[in-house]
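Trainee: Contents are compact mmCIF, C-alpha atoms and all ligand atoms; file name model.txt:
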```txt
# COMPACT_ATOMS: atom_id res chain seq x y z
CA MET A 69 47.84 16.27 -16.20
CA LYS A 70 50.03 15.26 -13.31
CA PHE A 71 48.35 14.69 -9.99
CA LYS A 72 49.80 16.89 -7.29
CA PHE A 73 48.60 16.65 -3.78
CA ASN A 74 47.62 20.05 -2.46
CA LEU A 75 45.24 21.56 0.04
CA LYS A 76 42.39 21.49 -2.45
CA HIS A 77 42.69 17.72 -2.81
CA PHE A 78 43.02 17.31 0.91
CA THR A 79 39.76 19.22 1.47
CA LEU A 80 38.15 17.11 -1.23
CA ILE A 81 39.23 13.89 0.46
CA ILE A 82 38.04 15.09 3.86
CA SER A 83 34.67 16.07 2.46
CA LEU A 84 34.45 12.72 0.66
CA ILE A 85 35.03 10.91 3.95
CA PHE A 86 32.29 13.00 5.48
CA ALA A 87 29.96 12.28 2.59
CA VAL A 88 30.58 8.55 2.88
CA SER A 89 30.02 8.42 6.62
CA LEU A 90 26.92 10.55 6.21
CA SER A 91 25.51 8.19 3.64
CA ALA A 92 26.32 5.26 5.88
CA GLN A 93 24.31 7.02 8.54
CA THR A 94 21.36 7.73 6.27
CA ASN A 95 21.51 4.14 5.01
CA SER A 96 20.35 3.00 8.40
CA LYS A 97 17.21 5.09 8.03
CA PHE A 98 13.93 3.81 6.80
CA LYS A 99 13.37 5.65 3.54
CA VAL A 100 9.99 6.42 2.13
CA THR A 101 9.40 7.99 -1.26
CA LEU A 102 6.07 9.78 -1.44
CA ASP A 103 4.60 10.45 -4.86
CA ALA A 104 1.86 13.02 -5.32
CA GLY A 105 0.09 11.99 -8.53
CA HIS A 106 0.05 14.37 -11.52
CA GLY A 107 1.19 18.03 -11.40
CA ALA A 108 1.48 21.23 -13.46
CA HIS A 109 -0.30 20.81 -16.83
CA ASP A 110 -1.31 17.28 -15.85
CA PHE A 111 -4.31 17.97 -13.63
CA GLY A 112 -5.37 14.36 -13.20
CA ALA A 113 -9.11 14.04 -12.68
CA THR A 114 -11.21 17.17 -12.22
CA TYR A 115 -14.79 17.11 -11.01
CA HIS A 116 -17.05 19.61 -9.25
CA GLY A 117 -14.10 22.00 -8.88
CA TYR A 118 -11.95 19.35 -7.18
CA VAL A 119 -8.57 18.94 -8.83
CA GLU A 120 -6.69 15.68 -8.34
CA LYS A 121 -3.15 17.14 -8.59
CA ASN A 122 -3.87 19.60 -5.74
CA ILE A 123 -5.46 17.02 -3.47
CA THR A 124 -2.69 14.45 -3.99
CA LEU A 125 -0.02 17.06 -3.22
CA ALA A 126 -1.82 18.26 -0.09
CA ILE A 127 -2.18 14.70 1.21
CA VAL A 128 1.43 13.76 0.38
CA LEU A 129 2.83 16.81 2.19
CA LYS A 130 0.72 15.94 5.24
CA VAL A 131 1.88 12.30 5.20
CA GLY A 132 5.48 13.48 4.89
CA LYS A 133 5.13 15.89 7.78
CA ILE A 134 3.92 13.10 10.06
CA LEU A 135 6.65 10.68 8.96
CA GLU A 136 9.40 13.28 9.31
CA GLN A 137 8.68 13.60 13.02
CA ASP A 138 10.47 10.27 13.37
CA PRO A 139 14.23 10.84 13.05
CA GLY A 140 14.54 7.22 11.92
CA ILE A 141 12.59 7.97 8.75
CA GLN A 142 13.84 9.81 5.71
CA VAL A 143 11.22 11.08 3.28
CA GLN A 144 11.75 11.85 -0.39
CA TYR A 145 9.12 13.57 -2.47
CA THR A 146 8.80 13.08 -6.21
CA ARG A 147 7.35 16.57 -6.16
CA ASN A 148 6.63 18.96 -3.32
CA ASN A 149 5.06 21.66 -5.44
CA ASP A 150 3.00 22.00 -8.60
CA THR A 151 5.52 20.65 -11.09
CA PHE A 152 5.44 18.01 -13.79
CA VAL A 153 7.45 14.86 -13.20
CA ASP A 154 7.13 12.00 -15.64
CA LEU A 155 6.15 8.56 -14.44
CA VAL A 156 9.51 6.90 -14.99
CA GLU A 157 11.33 9.71 -13.20
CA ARG A 158 8.98 9.35 -10.23
CA ALA A 159 9.94 5.69 -9.94
CA ASN A 160 13.61 6.52 -10.47
CA ILE A 161 13.59 9.04 -7.64
CA ALA A 162 12.60 6.14 -5.38
CA ASN A 163 15.16 3.82 -6.99
CA ARG A 164 18.02 6.30 -6.65
CA ALA A 165 17.08 6.98 -3.03
CA ASP A 166 17.11 3.23 -2.40
CA ALA A 167 13.72 3.72 -0.78
CA SER A 168 12.29 1.08 1.52
CA LEU A 169 8.78 1.94 0.36
CA PHE A 170 7.27 3.85 -2.55
CA VAL A 171 3.78 5.26 -2.03
CA SER A 172 1.96 6.91 -4.91
CA ILE A 173 -1.15 8.85 -4.02
CA HIS A 174 -4.06 9.52 -6.38
CA CYS A 175 -7.76 10.25 -6.53
CA ASN A 176 -10.19 8.12 -8.46
CA ALA A 177 -12.96 9.29 -10.77
CA ASN A 178 -15.76 7.59 -12.56
CA LYS A 179 -18.54 8.59 -14.95
CA ASN A 180 -20.84 6.94 -12.45
CA GLN A 181 -20.77 9.67 -9.84
CA GLU A 182 -22.31 7.36 -7.27
CA ALA A 183 -19.08 5.37 -7.05
CA TYR A 184 -17.06 6.01 -3.89
CA GLY A 185 -14.54 4.44 -1.55
CA SER A 186 -10.83 3.86 -1.51
CA GLU A 187 -8.74 1.15 -3.09
CA THR A 188 -5.05 0.37 -3.14
CA TYR A 189 -3.14 -1.14 -6.01
CA VAL A 190 -0.05 -3.26 -6.21
CA MET A 191 1.78 -4.00 -9.43
CA GLY A 192 0.54 -7.02 -11.27
CA LEU A 193 -1.62 -8.54 -13.90
CA SER A 194 -5.28 -7.75 -13.62
CA LYS A 195 -8.20 -9.84 -14.67
CA SER A 196 -10.64 -7.10 -13.87
CA ALA A 197 -11.72 -4.57 -16.47
CA SER A 198 -12.25 -1.85 -13.90
CA SER A 199 -8.72 -2.22 -12.46
CA LEU A 200 -7.30 -2.02 -15.99
CA ASP A 201 -9.35 1.12 -16.57
CA VAL A 202 -7.84 2.76 -13.49
CA ALA A 203 -4.33 1.80 -14.64
CA LYS A 204 -5.04 3.05 -18.16
CA LYS A 205 -6.23 6.38 -16.81
CA GLU A 206 -3.21 6.86 -14.52
CA ASN A 207 -0.75 5.71 -17.20
CA SER A 208 -2.23 7.98 -19.88
CA VAL A 209 -0.21 10.94 -18.62
CA ILE A 210 2.80 9.67 -20.58
CA THR A 211 1.12 10.88 -23.76
CA LEU A 212 1.67 14.40 -22.38
CA GLU A 213 5.42 13.83 -22.55
CA ALA A 214 6.86 15.13 -25.80
CA ASP A 215 9.06 12.14 -26.55
CA TYR A 216 6.81 9.43 -25.25
CA LYS A 217 6.73 7.37 -28.46
CA THR A 218 10.47 6.77 -28.44
CA LYS A 219 10.82 6.70 -24.67
CA TYR A 220 8.14 4.06 -24.17
CA ALA A 221 8.69 2.17 -27.41
CA GLY A 222 6.62 -0.99 -27.47
CA TYR A 223 4.27 0.22 -24.79
CA ASN A 224 0.67 0.88 -25.70
CA PRO A 225 -1.05 3.17 -23.18
CA ASN A 226 -4.40 1.66 -24.15
CA SER A 227 -3.18 -1.77 -23.20
CA PRO A 228 -1.58 -1.55 -19.75
CA GLU A 229 -1.10 -5.32 -19.85
CA SER A 230 1.82 -4.74 -22.22
CA LEU A 231 3.83 -3.67 -19.16
CA ILE A 232 3.58 -7.05 -17.58
CA SER A 233 5.90 -9.16 -19.70
CA ALA A 234 8.90 -7.20 -18.43
CA THR A 235 8.38 -7.61 -14.68
CA ILE A 236 6.76 -10.28 -12.59
CA ALA A 237 9.88 -11.46 -10.95
CA GLN A 238 9.63 -9.17 -7.93
CA GLU A 239 7.86 -11.68 -5.69
CA GLU A 240 9.32 -10.51 -2.38
CA ASN A 241 8.41 -6.95 -3.12
CA LEU A 242 4.93 -8.03 -4.10
CA GLU A 243 4.29 -9.67 -0.75
CA GLN A 244 5.33 -6.60 1.19
CA SER A 245 3.45 -4.37 -1.23
CA ILE A 246 0.29 -6.33 -0.49
CA GLU A 247 0.98 -6.15 3.21
CA LEU A 248 1.31 -2.36 3.05
CA ALA A 249 -1.79 -2.10 0.85
CA SER A 250 -3.76 -4.14 3.34
CA LYS A 251 -2.65 -1.96 6.25
CA ILE A 252 -3.70 1.15 4.35
CA GLN A 253 -7.09 -0.21 3.35
CA GLU A 254 -7.69 -1.50 6.86
CA ASN A 255 -6.97 1.95 8.30
CA PHE A 256 -9.28 3.64 5.80
CA ASP A 257 -12.06 1.24 6.69
CA VAL A 258 -11.65 0.78 10.42
CA LYS A 259 -10.10 4.08 11.51
CA LEU A 260 -11.81 6.43 9.04
CA ASN A 261 -15.11 4.64 8.42
CA ARG A 262 -14.54 4.84 4.67
CA LYS A 263 -15.75 2.31 2.16
CA ASP A 264 -13.06 -0.30 1.51
CA ARG A 265 -12.96 -1.24 -2.17
CA GLY A 266 -10.09 -3.61 -1.53
CA ILE A 267 -6.61 -4.33 -2.80
CA HIS A 268 -6.12 -4.92 -6.50
CA GLN A 269 -3.34 -5.71 -8.88
CA ALA A 270 -2.95 -3.70 -12.05
CA PRO A 271 -0.13 -2.67 -14.38
CA PHE A 272 0.73 0.93 -13.46
CA MET A 273 3.73 2.47 -15.21
CA VAL A 274 4.84 4.31 -12.07
CA LEU A 275 4.84 1.05 -10.06
CA HIS A 276 6.34 -0.97 -12.90
CA LYS A 277 9.54 1.07 -12.91
CA ALA A 278 10.17 1.11 -9.16
CA PHE A 279 12.06 -1.69 -7.42
CA MET A 280 10.89 -1.88 -3.82
CA PRO A 281 7.62 -2.63 -2.03
CA ARG A 282 5.24 -0.08 -3.57
CA VAL A 283 1.61 0.80 -3.75
CA LEU A 284 -0.66 3.21 -5.55
CA ILE A 285 -3.52 4.51 -3.44
CA GLU A 286 -6.73 5.72 -5.02
CA THR A 287 -7.77 7.65 -1.93
CA GLY A 288 -11.35 8.13 -3.08
CA PHE A 289 -13.57 9.39 -5.88
CA ILE A 290 -13.58 13.11 -6.54
CA SER A 291 -16.32 12.43 -9.08
CA ASN A 292 -18.55 11.69 -6.07
CA ARG A 293 -19.68 15.04 -4.62
CA GLU A 294 -19.56 13.97 -0.96
CA GLU A 295 -16.30 12.10 -1.18
CA GLY A 296 -14.77 14.84 -3.34
CA ALA A 297 -15.69 17.42 -0.70
CA TYR A 298 -14.12 15.20 1.96
CA LEU A 299 -10.88 14.72 0.02
CA ASN A 300 -10.73 18.42 -0.77
CA SER A 301 -11.19 19.44 2.86
CA GLU A 302 -8.42 20.10 5.35
CA GLU A 303 -9.91 17.62 7.81
CA GLY A 304 -10.42 14.90 5.22
CA GLN A 305 -6.88 15.26 3.90
CA GLN A 306 -5.49 15.26 7.41
CA ASN A 307 -7.31 12.04 8.28
CA VAL A 308 -6.39 10.29 5.04
CA ALA A 309 -2.76 11.35 5.57
CA LYS A 310 -2.78 10.03 9.15
CA ALA A 311 -4.23 6.70 8.02
CA ILE A 312 -1.53 6.34 5.36
CA ALA A 313 1.28 7.45 7.69
CA ASP A 314 0.07 5.02 10.37
CA ALA A 315 0.21 2.14 7.87
CA ILE A 316 3.74 3.15 6.81
CA PHE A 317 4.82 3.29 10.45
CA ARG A 318 3.40 -0.18 11.03
CA MET A 319 5.41 -1.50 8.07
CA LYS A 320 8.53 0.15 9.44
CA VAL A 321 8.08 -1.21 12.95
CA GLU A 322 7.32 -4.73 11.72
CA HIS A 323 10.13 -4.98 9.19
CA PHE A 324 12.72 -2.48 10.34
CA GLY A 325 12.25 -1.99 14.06
CA GLY A 326 11.64 1.09 16.16
CA SER A 327 8.52 1.99 18.02
CA MET A 328 5.09 3.02 16.92
CA PRO A 329 4.12 6.68 17.43
CA THR A 330 0.64 7.60 18.58
CA ILE A 331 -1.29 8.99 15.67
CA GLU A 332 -4.64 10.34 16.83
CA ILE A 333 -7.25 9.83 14.17
CA LYS A 334 -10.68 11.29 14.75
CA LYS A 335 -12.97 8.66 13.29
CA SER A 336 -16.11 10.09 11.76
CA GLU A 337 -19.18 8.57 13.38
CA LYS A 338 -21.01 8.31 10.08
CA PRO A 339 -19.51 6.98 6.87
CA VAL A 340 -18.09 9.74 4.66
CA VAL A 341 -20.60 8.85 1.98
CA LYS A 342 -24.05 7.56 2.93
CA ASP A 343 -25.33 4.82 0.71
CA SER A 344 -28.25 2.69 1.80
CA THR A 345 -27.49 -0.11 -0.67
CA GLN A 346 -23.97 -0.67 0.68
CA LYS A 347 -24.75 -1.25 4.32
CA THR A 348 -26.97 -4.32 4.19
CA THR A 349 -24.29 -7.00 3.81
CA THR A 350 -22.75 -6.44 7.23
CA GLN A 351 -26.09 -6.92 9.00
CA GLU A 352 -26.43 -10.61 8.11
CA LYS A 353 -26.53 -12.91 11.08
CA PRO A 354 -23.80 -15.54 10.94
CA LYS A 355 -25.05 -19.11 11.22
CA GLU A 356 -21.97 -20.63 12.76
CA THR A 357 -21.06 -20.40 16.40
CA THR A 358 -17.31 -19.81 16.43
CA LYS A 359 -16.38 -16.84 18.56
CA PRO A 360 -14.00 -14.20 17.22
CA GLY A 361 -10.48 -15.22 18.00
CA GLU A 362 -11.38 -18.88 18.26
CA VAL A 363 -9.35 -21.00 15.96
CA LYS A 364 -10.82 -23.93 14.11
CA ALA A 365 -8.20 -26.45 15.08
CA GLU A 366 -7.52 -29.08 12.51
CA ASN A 367 -3.75 -29.32 12.51
CA LYS A 368 -2.52 -31.26 15.49
CA GLY A 369 0.97 -30.90 16.81
CA ILE A 370 1.17 -27.12 16.56
CA ASP A 371 3.21 -25.58 19.36
CA SER A 372 1.48 -22.31 20.12
CA THR A 373 4.29 -21.16 22.42
CA LYS A 374 6.43 -20.90 19.29
CA ALA A 375 5.67 -18.74 16.28
CA VAL A 376 2.61 -20.00 14.43
CA TYR A 377 2.35 -18.95 10.81
CA LYS A 378 -0.90 -18.56 8.91
CA ILE A 379 -1.84 -17.06 5.61
CA GLN A 380 -4.18 -14.09 5.79
CA ILE A 381 -6.41 -14.40 2.75
CA LYS A 382 -9.17 -11.95 3.39
CA ALA A 383 -10.34 -9.22 5.75
CA SER A 384 -13.95 -8.34 5.99
CA ALA A 385 -16.33 -6.28 8.07
CA ALA A 386 -18.85 -9.09 7.70
CA LYS A 387 -18.61 -12.45 9.41
CA ILE A 388 -18.32 -15.34 6.99
CA GLU A 389 -19.16 -18.94 7.77
CA LEU A 390 -16.00 -21.04 7.82
CA LYS A 391 -16.92 -23.53 5.16
CA PRO A 392 -14.76 -24.33 2.13
CA SER A 393 -17.37 -23.12 -0.36
CA ASN A 394 -17.00 -19.62 1.09
CA PHE A 395 -13.22 -19.69 0.60
CA ASN A 396 -12.70 -20.99 -2.93
CA GLY A 397 -12.63 -24.56 -1.64
CA LEU A 398 -10.02 -24.01 1.09
CA ASP A 399 -10.57 -25.67 4.43
CA ASN A 400 -8.63 -25.17 7.67
CA ILE A 401 -9.71 -21.55 7.76
CA SER A 402 -9.54 -19.63 11.03
CA PHE A 403 -10.16 -16.02 11.85
CA VAL A 404 -9.39 -13.33 14.36
CA SER A 405 -11.43 -10.27 15.12
CA GLU A 406 -9.41 -7.07 15.19
CA LYS A 407 -10.94 -3.63 15.65
CA GLY A 408 -14.27 -4.62 14.21
CA TYR A 409 -12.66 -6.46 11.34
CA TYR A 410 -12.69 -10.20 10.69
CA LYS A 411 -9.43 -11.50 9.31
CA TYR A 412 -9.62 -14.89 7.68
CA MET A 413 -6.57 -17.07 7.58
CA TYR A 414 -5.63 -20.32 5.97
CA GLY A 415 -3.40 -23.03 7.38
CA GLU A 416 -1.32 -23.17 10.50
CA SER A 417 2.29 -24.14 10.92
CA ASN A 418 5.37 -23.59 13.07
CA ASP A 419 7.47 -23.75 9.92
CA TYR A 420 7.95 -20.60 7.84
CA GLU A 421 8.88 -22.71 4.80
CA ILE A 422 5.53 -24.51 5.00
CA ALA A 423 3.81 -21.15 5.32
CA LYS A 424 5.51 -20.00 2.12
CA LYS A 425 4.17 -23.10 0.32
CA GLN A 426 0.71 -22.47 1.74
CA LEU A 427 0.91 -18.92 0.47
CA GLN A 428 1.44 -20.28 -3.04
CA GLU A 429 -1.52 -22.65 -2.57
CA VAL A 430 -3.93 -19.85 -1.68
CA LYS A 431 -2.66 -17.71 -4.53
CA ALA A 432 -3.39 -20.59 -6.89
CA ARG A 433 -6.96 -20.46 -5.54
CA GLY A 434 -7.23 -16.83 -6.54
CA TYR A 435 -6.25 -15.10 -3.27
CA ASN A 436 -3.60 -12.93 -4.89
CA SER A 437 -3.56 -10.41 -2.07
CA SER A 438 -2.62 -12.90 0.64
CA PHE A 439 0.34 -12.68 2.96
CA ILE A 440 1.90 -14.52 5.90
CA VAL A 441 1.00 -13.51 9.44
CA ALA A 442 2.41 -14.83 12.71
CA PHE A 443 1.07 -15.50 16.20
CA ARG A 444 2.47 -16.62 19.51
CA LYS A 445 0.18 -17.96 22.23
CA GLY A 446 -2.72 -16.72 20.15
CA VAL A 447 -1.40 -13.15 20.02
CA LYS A 448 -0.41 -11.60 16.73
CA ILE A 449 3.31 -10.85 16.47
CA THR A 450 5.32 -9.30 13.67
CA LEU A 451 7.00 -11.52 11.10
CA ASN A 452 10.31 -10.09 12.27
CA GLU A 453 9.68 -11.23 15.83
CA ALA A 454 8.57 -14.63 14.59
CA LEU A 455 11.58 -15.14 12.39
CA LYS A 456 14.02 -14.09 15.13
CA GLN A 457 13.31 -17.29 17.07
ZN ZN A 501 -4.26 9.93 -10.72
```
Write the structure described by the file as structure tokens, please.
Mentor:
Amino acid sequence: MKFKFNLKHFTLIISLIFAVSLSAQTNSKFKVTLDAGHGAHDFGATYHGYVEKNITLAIVLKVGKILEQDPGIQVQYTRNNDTFVDLVERANIANRADASLFVSIHCNANKNQEAYGSETYVMGLSKSASSLDVAKKENSVITLEADYKTKYAGYNPNSPESLISATIAQEENLEQSIELASKIQENFDVKLNRKDRGIHQAPFMVLHKAFMPRVLIETGFISNREEGAYLNSEEGQQNVAKAIADAIFRMKVEHFGGSMPTIEIKKSEKPVVKDSTQKTTTQEKPKETTKPGEVKAENKGIDSTKAVYKIQIKASAAKIELKPSNFNGLDNISFVSEKGYYKYMYGESNDYEIAKKQLQEVKARGYNSSFIVAFRKGVKITLNEALKQ
């Protein structure tokens, strides 16, 4: 067929130009893909009348609504109604959108109905049996896909570790994933008064297939009657959504720019779940005399008017004595107190390259969830600000 230029082609070209400039415009947006776990015939966990697929969707839509108020943010949903989307497609939706962050939202469940609290996962190898169990449970949905044996050839749903050989290379993404996870867990703990079960690494199919900083949030246990009621309630979902949206905004501001909106979170005075055995650890009197914010200076020659890099290795509601035996043998530990939270950091340097080496050192000591933080004149600044110098 011979190509003849006519009006139809002209319109096509014009609309192509529009499409290109539009995509250039949307490229400058911070894109977040929100993934509501499960859907349709995949109910996820069900306990006491609480259904995981409904709770995850309700929370995701609330997170999206908050994020969408910022014109600088573009939100994609893997599902915005009760439909079935397979795990690989969920990740691919984020990949195709070139998302800056991928956030998958789930509810936990356990035969032990006493268990409660929230935890956030990043992709990785797990040494812990309970993390592998969570991954196994969330991955098991692939067996509901008709063609799963050919589609996931070589993958054994009972052995989530078999996912690991293929990826591991995404180091940069891992660091930012951990940073996002830590912001989420911190918000759950400090802003919502929820039990913080920490950040873990485990091989989740939905995380494995996505190529950007990404987390999977187990917002809480619906197998626990009190926490299930909270997660199933309008107020609980609203608060969880605000805590997640706030963490996403903080990631955006620190890595992408823009300003932080005010997200009012009504903190519950009492913990969502009362448990007498859990509350004793924070009551211990610390033996050492360092004040919050005081830095145990060991490195001389640090210029505090420039960016000072440290490695955050741990955050805790309890104060921990700064001796190496409490930190897997690491010395030169300092801490800051932020919103009732102690953040423990290793090392101190004006050189980002040194900080990166120190990050590897602490990971070798088992602090897999560590990340680099920056200060100037003792005040925390974003990595972006620090690196701009
Ligand atoms: Zn789930």
Trainee: Looking at all atoms listed in the file, which of A:Thr330, A:Asn178, A:Asn149, A:Ser194 is the one that sits closest to ligand ZN 501 (chain A)?
Mentor: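 Distance minimum relative to ligand ZN 501 (chain A) lands on A:Asn178.
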Trainee: I'd like to know which of A:Lys425, A:Lys263, A:Arg433, A:His106 is closest to A:His174, using only C-alpha atoms.
Mentor: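 Among the listed residues, A:His106 lies closest to A:His174.
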Trainee: May I have the residues within 7 Å of ligand ZN 501 (chain A), computed using only C-alpha atoms and all ligand atoms, as a count of residues only?
Mentor: 9
Trainee: When you count only C-alpha atoms, which of these residues is closest to A:Asn300: A:Pro228, A:Pro329, A:Pro339, A:Gly288?
Mentor: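 Selected residue with least distance to A:Asn300: A:Gly288.
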Trainee: Would you please work out which residue, of A:Gly140, A:Gly397, A:Pro271, A:Gly117, is nearest to A:Val321 when using only C-alpha atoms?
Mentor: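 Going through A:Gly140, A:Gly397, A:Pro271, A:Gly117 one by one, the smallest distance to A:Val321 is for A:Gly140.
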Trainee: I'd like the neighbourhood of stretch 335-337 of chain A as a tab-separated table (two decimals) with C-alpha atoms, in the frame of the given file, where a residue qualifies if any of its atoms comes within 8 Å (using only C-alpha atoms), though same-chain residues fewer than 4 positions away should be ignored.
Mentor:
```
chain	number	residue	atom	x	y	z
A	259	LYS	CA	-10.10	4.08	11.51
A	260	LEU	CA	-11.81	6.43	9.04
A	261	ASN	CA	-15.11	4.64	8.42
```
Trainee: Could you check the closest approach to A:Gly185 for each of A:Lys219, A:His116, A:Lys251, A:Arg265 and tell me which residue wins, using only C-alpha atoms?
Mentor: A:Arg265
Trainee: Name all residues at most 12 Å from A:Asn255 (count only C-alpha atoms; drop same-chain ones fewer than 2 positions away) and give them as a ChimeraX atom specification.
Mentor: /A:186-188,248-253,257-264,266,287,307-316,318,331,333-335,383,406-409
Trainee: Hey, can you spit out that residue selection with C-alpha atoms as a PDB file, keeping the file's coordinate frame?
Mentor:
```pdb
ATOM      1  CA  SER A 186     -10.830   3.860  -1.510  1.00  0.00           C
ATOM      2  CA  GLU A 187      -8.740   1.150  -3.090  1.00  0.00           C
ATOM      3  CA  THR A 188      -5.050   0.370  -3.140  1.00  0.00           C
ATOM      4  CA  LEU A 248       1.310  -2.360   3.050  1.00  0.00           C
ATOM      5  CA  ALA A 249      -1.790  -2.100   0.850  1.00  0.00           C
ATOM      6  CA  SER A 250      -3.760  -4.140   3.340  1.00  0.00           C
ATOM      7  CA  LYS A 251      -2.650  -1.960   6.250  1.00  0.00           C
ATOM      8  CA  ILE A 252      -3.700   1.150   4.350  1.00  0.00           C
ATOM      9  CA  GLN A 253      -7.090  -0.210   3.350  1.00  0.00           C
ATOM     10  CA  ASP A 257     -12.060   1.240   6.690  1.00  0.00           C
ATOM     11  CA  VAL A 258     -11.650   0.780  10.420  1.00  0.00           C
ATOM     12  CA  LYS A 259     -10.100   4.080  11.510  1.00  0.00           C
ATOM     13  CA  LEU A 260     -11.810   6.430   9.040  1.00  0.00           C
ATOM     14  CA  ASN A 261     -15.110   4.640   8.420  1.00  0.00           C
ATOM     15  CA  ARG A 262     -14.540   4.840   4.670  1.00  0.00           C
ATOM     16  CA  LYS A 263     -15.750   2.310   2.160  1.00  0.00           C
ATOM     17  CA  ASP A 264     -13.060  -0.300   1.510  1.00  0.00           C
ATOM     18  CA  GLY A 266     -10.090  -3.610  -1.530  1.00  0.00           C
ATOM     19  CA  THR A 287      -7.770   7.650  -1.930  1.00  0.00           C
ATOM     20  CA  ASN A 307      -7.310  12.040   8.280  1.00  0.00           C
ATOM     21  CA  VAL A 308      -6.390  10.290   5.040  1.00  0.00           C
ATOM     22  CA  ALA A 309      -2.760  11.350   5.570  1.00  0.00           C
ATOM     23  CA  LYS A 310      -2.780  10.030   9.150  1.00  0.00           C
ATOM     24  CA  ALA A 311      -4.230   6.700   8.020  1.00  0.00           C
ATOM     25  CA  ILE A 312      -1.530   6.340   5.360  1.00  0.00           C
ATOM     26  CA  ALA A 313       1.280   7.450   7.690  1.00  0.00           C
ATOM     27  CA  ASP A 314       0.070   5.020  10.370  1.00  0.00           C
ATOM     28  CA  ALA A 315       0.210   2.140   7.870  1.00  0.00           C
ATOM     29  CA  ILE A 316       3.740   3.150   6.810  1.00  0.00           C
ATOM     30  CA  ARG A 318       3.400  -0.180  11.030  1.00  0.00           C
ATOM     31  CA  ILE A 331      -1.290   8.990  15.670  1.00  0.00           C
ATOM     32  CA  ILE A 333      -7.250   9.830  14.170  1.00  0.00           C
ATOM     33  CA  LYS A 334     -10.680  11.290  14.750  1.00  0.00           C
ATOM     34  CA  LYS A 335     -12.970   8.660  13.290  1.00  0.00           C
ATOM     35  CA  ALA A 383     -10.340  -9.220   5.750  1.00  0.00           C
ATOM     36  CA  GLU A 406      -9.410  -7.070  15.190  1.00  0.00           C
ATOM     37  CA  LYS A 407     -10.940  -3.630  15.650  1.00  0.00           C
ATOM     38  CA  GLY A 408     -14.270  -4.620  14.210  1.00  0.00           C
ATOM     39  CA  TYR A 409     -12.660  -6.460  11.340  1.00  0.00           C
TER      40      TYR A 409
END
```
Trainee: Which residue, A:Met413, A:Leu155, A:Leu455, A:Val447, has the smallest gap to A:Ser172 when you use all atoms listed in the file?
Mentor: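 Residue with the minimum atom-to-atom distance to A:Ser172: A:Leu155.
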Trainee: Which polymer residues have any atom within 9 Å of an atom of stretch 157-167 of chain A, counting all atoms listed in the file, with same-chain residues fewer than 6 positions away left out, as an MDAnalysis selection string?
Mentor: chainID A and resid 95 98:103 142:147 273:281
Trainee: So that I can check the surroundings of A:Gln380, please list as a list in words every protein, DNA and RNA residue that reaches within 6 Å of it, counting only C-alpha atoms and ignoring chain neighbours fewer than 2 positions away.
Mentor: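 After dropping sequence-adjacent residues, the list is Lys382, Tyr412, Met413, Ser438 and Phe439 of chain A.
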Trainee: Using atom CA of A:Ala375 and atom CA of A:Ala432 as the two end points, give the distance in Å to one decimal.
Mentor: 24.9 Å
Trainee: Place a sphere of radius 8 Å on (-5.5, -11.3, -3.2) in the file coordinates and name every protein, DNA or RNA residue with an atom inside or on its surface, counting all atoms listed in the file; give the answer as a list in words.
Mentor: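 In the file's frame, the residues around the point are Ile267, His268, Ile381, Lys382, Lys431, Gly434, Tyr435, Asn436, Ser437 and Ser438 of chain A.
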Trainee: May I have the residues within 12 Å of A:Ala297 as an mmCIF file with C-alpha atoms, in the coordinates of the input, using only C-alpha atoms and disregarding those fewer than 3 positions away in the same chain?
Mentor:
```
data_model
loop_
_atom_site.group_PDB
_atom_site.id
_atom_site.type_symbol
_atom_site.label_atom_id
_atom_site.label_comp_id
_atom_site.auth_asym_id
_atom_site.auth_seq_id
_atom_site.Cartn_x
_atom_site.Cartn_y
_atom_site.Cartn_z
ATOM 1 C CA TYR A 115 -14.790 17.110 -11.010
ATOM 2 C CA HIS A 116 -17.050 19.610 -9.250
ATOM 3 C CA GLY A 117 -14.100 22.000 -8.880
ATOM 4 C CA TYR A 118 -11.950 19.350 -7.180
ATOM 5 C CA VAL A 119 -8.570 18.940 -8.830
ATOM 6 C CA GLU A 120 -6.690 15.680 -8.340
ATOM 7 C CA ILE A 123 -5.460 17.020 -3.470
ATOM 8 C CA TYR A 184 -17.060 6.010 -3.890
ATOM 9 C CA GLY A 288 -11.350 8.130 -3.080
ATOM 10 C CA PHE A 289 -13.570 9.390 -5.880
ATOM 11 C CA ILE A 290 -13.580 13.110 -6.540
ATOM 12 C CA SER A 291 -16.320 12.430 -9.080
ATOM 13 C CA ASN A 292 -18.550 11.690 -6.070
ATOM 14 C CA ARG A 293 -19.680 15.040 -4.620
ATOM 15 C CA GLU A 294 -19.560 13.970 -0.960
ATOM 16 C CA ASN A 300 -10.730 18.420 -0.770
ATOM 17 C CA SER A 301 -11.190 19.440 2.860
ATOM 18 C CA GLU A 302 -8.420 20.100 5.350
ATOM 19 C CA GLU A 303 -9.910 17.620 7.810
ATOM 20 C CA GLY A 304 -10.420 14.900 5.220
ATOM 21 C CA GLN A 305 -6.880 15.260 3.900
ATOM 22 C CA VAL A 340 -18.090 9.740 4.660
ATOM 23 C CA VAL A 341 -20.600 8.850 1.980
#
```
Trainee: Quick one: distance from atom CA of A:Ile449 to atom CA of A:Tyr377 in Å, one decimal?
Mentor: 9.9 Å
Trainee: What's the separation between atom CA of A:Pro225 and atom CA of A:Ala270, in Å to one decimal place?
Mentor: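 So the answer is 13.2 Å.
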